Every structure is written in structure tokens, then in C-alpha cells.
Amino acid sequence: MTGTVRPPVPPVPLPSGRVEVTCFGHRALTAVVRGHTLVSDQPLEAGGDDVGPTPLELFVASLATCVAHYARGFLERHDVDVERLGVTAEFAMAEDRPARVASVRLRVTVPPGLDEAGLAALGAVVDHCTVHNTLRQSPAVTWEFA
């Protein structure tokens, strides 16, 4: 990372349901979501400054954090300590075209305190997180020039 690359200061918060992306540095991007700024970049070997994860890494992180959010809610409703809850995601790219993620493997580290029925119920909950549901029923994606 070079010392000259800094993301812009976040603007006024955006309404829910809107994300604005701008460029900075060599390959870096900022995505403003409500009042939050996320930074995405490319690794040094891909011409970036490596000041943030790649868009694909953010995509997989979105799935993993959604699963963790749903798991946490389930565990809290069942009075299970969430301190040791964790989700690890590993992904592989497709070898053919178009370029895309071919597979994602999620490993949910579950705190002690759930029996087999509880684990089955937790599995049903995390299997239907909103990001996973979106991948199952792809949204319509359109674009236009402004």
C-alpha cells in the first residue's frame, strides 16, 4: 500500500436501498452505504494498492456475515452464548467463462449448548439467510449510463 492512497471522506448519509461507488487511488473504490464507507481494492499484484478486500471478497463476506447474523439471532433466542460463534467462508472461482464464483463453503463454529435438534434448527435458519435466498432467486440486475 502506498502512503498516498486515502478513501474520500463519507458524504451525507444515503437513504436505505441505495449504494454509491466512486474511484480513488490506482484501483480502489469506495462504496457509501447509508452513513458508512466501505473500501474495495485489488491486490498489489493486480495493480491495486491493497487498501481493502476485492469486490469478490466483499461478496463472500456478505454471505458469511449474513449467516453469522442469522445464527447469532437464533442462539440469542435460545439463550446460547454467542461468544464462540464464528463463520469461515472459502470460495473457488469457476474455471470457465463467464468469470464468477463457482462455489462457497461455509463452516459455522457453534458454541456449546445445542443438542442435535438445536443444531438441525440452527442449520435450517442459517440456510435461509437473506443473502443466500438472494443467490437462490437471483434479482433482476439492470444498468444504464448517467
# chains A, B, ... in the order shown; residues from 1 in each chain; ligands from 1

call {"tool": "residues_around", "arguments": {"residues": "Val32 of chain A", "least_positions_apart": "6", "cutoff": "7 Å", "atoms": "only C-alpha atoms", "output": "VMD selection string"}}
result
chain A and resid 10 19 to 21 38

call {"tool": "residues_around", "arguments": {"residues": "segment 111-127 of chain A", "least_positions_apart": "2", "cutoff": "10 Å", "atoms": "only C-alpha atoms", "output": "number ranges by chain"}}
result
A: 64, 66-75, 78-86, 108-109, 129-133

call {"tool": "closest_residue", "arguments": {"among": "A:Arg100, A:Arg136, A:His128, A:Arg105", "to": "Ala61 of chain A", "atoms": "only C-alpha atoms"}}
result
A:Arg105

call {"tool": "residues_around", "arguments": {"residues": "Pro15 of chain A", "least_positions_apart": "4", "cutoff": "10 Å", "atoms": "only C-alpha atoms", "output": "VMD selection string"}}
result
chain A and resid 19 33 to 35

call {"tool": "write_last_selection", "arguments": {"atoms": "C-alpha atoms", "output": "PDB file, in the first residue's frame"}}
result
ATOM      1  CA  VAL A  19     -25.241   2.492  -2.601  1.00  0.00           C
ATOM      2  CA  VAL A  33     -23.977   2.662   2.281  1.00  0.00           C
ATOM      3  CA  ARG A  34     -26.245   4.848   4.422  1.00  0.00           C
ATOM      4  CA  GLY A  35     -23.590   6.658   6.537  1.00  0.00           C
TER       5      GLY A  35
END

call {"tool": "residues_around", "arguments": {"residues": "Thr22 of chain A", "least_positions_apart": "5", "cutoff": "8 Å", "atoms": "only C-alpha atoms", "output": "MDAnalysis selection string"}}
result
chainID A and resid 29:31

call {"tool": "select_by_dssp", "arguments": {"residues": "chain A", "states": "strand (DSSP E or B)", "output": "PyMOL selection string"}}
result
chain A and resi 19-24+28-33+36-40+86-93+101-109

call {"tool": "atom_distance", "arguments": {"atom1": "atom CA of Leu14 of chain A", "atom2": "atom CA of Leu135 of chain A"}}
result
24.9 Å

call {"tool": "select_by_dssp", "arguments": {"residues": "chain A", "states": "helix (DSSP H, G or I)", "output": "ChimeraX atom specification"}}
result
/A:44-46,55-77,116-126,130-136

call {"tool": "write_last_selection", "arguments": {"atoms": "C-alpha atoms", "output": "PDB file, in the first residue's frame"}}
result
ATOM      1  CA  LEU A  44      -0.708  -5.242  -5.367  1.00  0.00           C
ATOM      2  CA  GLU A  45      -0.029  -7.954  -7.964  1.00  0.00           C
ATOM      3  CA  ALA A  46      -3.235  -6.934  -9.798  1.00  0.00           C
ATOM      4  CA  PRO A  55     -15.347  -6.947  -4.669  1.00  0.00           C
ATOM      5  CA  LEU A  56     -15.500 -10.766  -4.767  1.00  0.00           C
ATOM      6  CA  GLU A  57     -14.136 -10.993  -1.234  1.00  0.00           C
ATOM      7  CA  LEU A  58     -16.786  -8.496  -0.104  1.00  0.00           C
ATOM      8  CA  PHE A  59     -19.421 -10.605  -1.861  1.00  0.00           C
ATOM      9  CA  VAL A  60     -18.385 -13.755   0.010  1.00  0.00           C
ATOM     10  CA  ALA A  61     -18.002 -11.766   3.241  1.00  0.00           C
ATOM     11  CA  SER A  62     -21.574 -10.546   2.759  1.00  0.00           C
ATOM     12  CA  LEU A  63     -22.816 -14.132   2.659  1.00  0.00           C
ATOM     13  CA  ALA A  64     -20.704 -15.159   5.667  1.00  0.00           C
ATOM     14  CA  THR A  65     -21.782 -12.193   7.792  1.00  0.00           C
ATOM     15  CA  CYS A  66     -25.435 -12.765   6.890  1.00  0.00           C
ATOM     16  CA  VAL A  67     -25.156 -16.390   8.013  1.00  0.00           C
ATOM     17  CA  ALA A  68     -23.461 -15.240  11.239  1.00  0.00           C
ATOM     18  CA  HIS A  69     -26.213 -12.656  11.814  1.00  0.00           C
ATOM     19  CA  TYR A  70     -28.954 -15.286  11.461  1.00  0.00           C
ATOM     20  CA  ALA A  71     -27.038 -17.780  13.618  1.00  0.00           C
ATOM     21  CA  ARG A  72     -26.483 -15.175  16.309  1.00  0.00           C
ATOM     22  CA  GLY A  73     -30.174 -14.299  16.399  1.00  0.00           C
ATOM     23  CA  PHE A  74     -31.100 -17.973  16.732  1.00  0.00           C
ATOM     24  CA  LEU A  75     -28.569 -18.582  19.503  1.00  0.00           C
ATOM     25  CA  GLU A  76     -29.634 -15.475  21.417  1.00  0.00           C
ATOM     26  CA  ARG A  77     -33.310 -16.531  21.208  1.00  0.00           C
ATOM     27  CA  GLU A 116     -28.900 -32.440  17.719  1.00  0.00           C
ATOM     28  CA  ALA A 117     -32.395 -30.946  17.389  1.00  0.00           C
ATOM     29  CA  GLY A 118     -30.980 -27.481  18.138  1.00  0.00           C
ATOM     30  CA  LEU A 119     -28.243 -27.921  15.539  1.00  0.00           C
ATOM     31  CA  ALA A 120     -30.812 -29.023  12.954  1.00  0.00           C
ATOM     32  CA  ALA A 121     -32.956 -25.966  13.724  1.00  0.00           C
ATOM     33  CA  LEU A 122     -29.904 -23.696  13.543  1.00  0.00           C
ATOM     34  CA  GLY A 123     -28.999 -25.245  10.189  1.00  0.00           C
ATOM     35  CA  ALA A 124     -32.480 -24.501   8.837  1.00  0.00           C
ATOM     36  CA  VAL A 125     -32.149 -20.873   9.974  1.00  0.00           C
ATOM     37  CA  VAL A 126     -28.694 -20.193   8.525  1.00  0.00           C
ATOM     38  CA  THR A 130     -31.282 -13.169   3.109  1.00  0.00           C
ATOM     39  CA  VAL A 131     -28.067 -13.207   1.068  1.00  0.00           C
ATOM     40  CA  HIS A 132     -28.362 -16.957   0.477  1.00  0.00           C
ATOM     41  CA  ASN A 133     -32.023 -16.531  -0.517  1.00  0.00           C
ATOM     42  CA  THR A 134     -30.950 -13.820  -2.969  1.00  0.00           C
ATOM     43  CA  LEU A 135     -28.397 -16.153  -4.553  1.00  0.00           C
ATOM     44  CA  ARG A 136     -31.052 -18.853  -4.896  1.00  0.00           C
TER      45      ARG A 136
END

call {"tool": "residues_around", "arguments": {"residues": "Arg107 of chain A", "least_positions_apart": "6", "cutoff": "7 Å", "atoms": "only C-alpha atoms", "output": "list in words"}}
result
Val87, Thr88 and Ala89 of chain A

call {"tool": "atom_distance", "arguments": {"atom1": "atom CA of Pro43 of chain A", "atom2": "atom CA of Ala94 of chain A"}}
result
19.6 Å

call {"tool": "closest_residue", "arguments": {"among": "A:Thr54, A:Ser103, A:Thr142, A:Gln42", "to": "Gly25 of chain A", "atoms": "only C-alpha atoms"}}
result
A:Gln42

call {"tool": "atom_distance", "arguments": {"atom1": "atom CA of Gly52 of chain A", "atom2": "atom CA of Ala28 of chain A"}}
result
7.8 Å
